[in-house]
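Notes follow once the structure below has been shown.
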Amino acid sequence: MTRAVRAALRLVAAAGLAVDAVQHARLAGRYDAVSAGVSQGTLFRVEAGAATLAVLLVLVWRHRLGDLFAWLVAVGGLGALLLYRYVDVGPLGPLPNMYEPVWFTDKTLTAWSQAVAALALVPLLATARRRPTDLPPAA
């Protein structure tokens, strides 16, 4: 894969994760009342922070561990969003019941941004280049 393609994938992934971070940070206050020990608003803030860190790792560190972290944030966020959209899980320990069986603009935008970020990261992870120092010693 060329450097230009890798750079474009990084920009797409970072943009998707940035939208994820902004949406979760912006919506967190609306969900502070949904609580069972830990509020849904707090969980939204954690997601926003993780997505922000993922953006920085993808753009600045450009290492497979950072890409993997970013992919996990995107896939984990999308998985949680879809789970709580379609399944009434109920409260889980300190986590509140986050079931919300509707689609609205912010949720749709977040889902698409997480999906785009995850998909952009797959080729980066699949074609991660090994540095000469990562190679096993010659026999």
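Residue numbering restarts at 1 in every chain; chains get A, B, ... in the order shown in the structure tokens, and ligands count up from 1 in that same order.
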Taking 3 positions as the minimum chain separation for residues in the same chain, which residues sit within 10 Å of Met1 (chain A) when counting only C-alpha atoms? Answer as a short mmCIF file (atom, residue, chain, number, x, y, z; two decimals) with N, CA and C atoms, in the first residue's frame.
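Saved to selection.cif:
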```
data_model
loop_
_atom_site.label_atom_id
_atom_site.label_comp_id
_atom_site.auth_asym_id
_atom_site.auth_seq_id
_atom_site.Cartn_x
_atom_site.Cartn_y
_atom_site.Cartn_z
N ALA A 4 0.56 7.41 0.32
CA ALA A 4 -0.59 8.30 0.12
C ALA A 4 -1.89 7.61 0.53
N VAL A 5 -2.02 6.34 0.19
CA VAL A 5 -3.23 5.59 0.56
C VAL A 5 -3.29 5.43 2.07
N ARG A 6 -2.16 5.09 2.69
CA ARG A 6 -2.12 4.95 4.14
C ARG A 6 -2.49 6.28 4.81
N PRO A 123 -7.58 -1.94 6.69
CA PRO A 123 -6.41 -2.14 5.82
C PRO A 123 -5.10 -1.71 6.47
N LEU A 124 -5.16 -0.72 7.34
CA LEU A 124 -3.94 -0.30 8.05
C LEU A 124 -3.45 -1.40 8.97
N THR A 127 -2.17 -4.52 6.84
CA THR A 127 -0.92 -4.34 6.10
C THR A 127 0.14 -3.62 6.91
N ALA A 128 0.03 -3.70 8.23
CA ALA A 128 1.00 -3.04 9.09
C ALA A 128 2.40 -3.51 8.74
N ARG A 129 3.25 -2.55 8.49
CA ARG A 129 4.63 -2.87 8.13
C ARG A 129 5.45 -3.16 9.36
#
```
- Message: Can you pull out the residues contacting Val22 (chain A)? Cut-off 9 Å, using only C-alpha atoms, and skip same-chain residues under 6 positions away; I want them as a list in words.
- Response: Ala48, Ala51 and Thr52 of chain A
- Note on the structure: From the list A:Gly29, A:Ala118, A:Asp88, A:Gly37, the nearest residue to Leu68 (chain A) using only C-alpha atoms is A:Ala118
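Once Gln114 (chain A) and its same-chain neighbours fewer than 5 positions away are set aside, Gly16, Ala74 and Leu78 of chain A remain within 6 Å of it when counting only C-alpha atoms.
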Selection from above, N, CA, C and O atoms, as a PDB file, in the first residue's frame, can you write it?
```pdb
ATOM      1  N   GLY A  16     -13.626  10.121  11.272  1.00  0.00           N
ATOM      2  CA  GLY A  16     -14.724   9.350  11.859  1.00  0.00           C
ATOM      3  C   GLY A  16     -14.660   9.335  13.376  1.00  0.00           C
ATOM      4  O   GLY A  16     -15.676   9.510  14.056  1.00  0.00           O
ATOM      5  N   ALA A  74     -13.682   2.366  17.912  1.00  0.00           N
ATOM      6  CA  ALA A  74     -14.730   2.509  16.892  1.00  0.00           C
ATOM      7  C   ALA A  74     -15.686   1.315  16.898  1.00  0.00           C
ATOM      8  O   ALA A  74     -16.913   1.485  16.920  1.00  0.00           O
ATOM      9  N   LEU A  78     -19.557   1.328  18.228  1.00  0.00           N
ATOM     10  CA  LEU A  78     -20.616   0.944  17.295  1.00  0.00           C
ATOM     11  C   LEU A  78     -21.376  -0.269  17.818  1.00  0.00           C
ATOM     12  O   LEU A  78     -22.615  -0.314  17.746  1.00  0.00           O
TER      13      LEU A  78
END
```
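You will find CA of Leu83 (chain A) at 15.6 Å from CA of Phe104 (chain A).
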- Task: May I have the residues within 7 Å of Ala120 (chain A) as a PyMOL selection string, using only C-alpha atoms and disregarding those fewer than 4 positions away in the same chain?
- Result: chain A and resi 9+12-13+116
- Contacts of Ala80 (chain A) at 12 Å or less, counting only C-alpha atoms, minus same-chain residues fewer than 6 places along, as a ChimeraX atom specification? /A:40,43-44,47,72-74,86-89,97-100,107,110-111,114
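For the atom pair formed by CA of Arg3 (chain A) and CA of Ala70 (chain A), the distance is 19.4 Å, given to one decimal.
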- Residues of region 9-127 of chain A in alpha helix (DSSP H), written as a PyMOL selection string: chain A and resi 9-27+40-56+64-86+105-126
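Nearest residue to Ala50 (chain A) among A:Leu11, A:Ala18, A:Ala115, A:Leu95 is A:Ala18, counting only C-alpha atoms.
Between CA of Arg10 (chain A) and CA of Leu121 (chain A) there is a distance of 7.3 Å.
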- Message: Using only C-alpha atoms, which protein or nucleic acid residues come within 10 Å of Asp106 (chain A)? Drop anything in the same chain fewer than 3 positions from it, and give the result as a VMD selection string.
- Response: chain A and resid 20 23 to 24 26 to 27 103 109 to 111
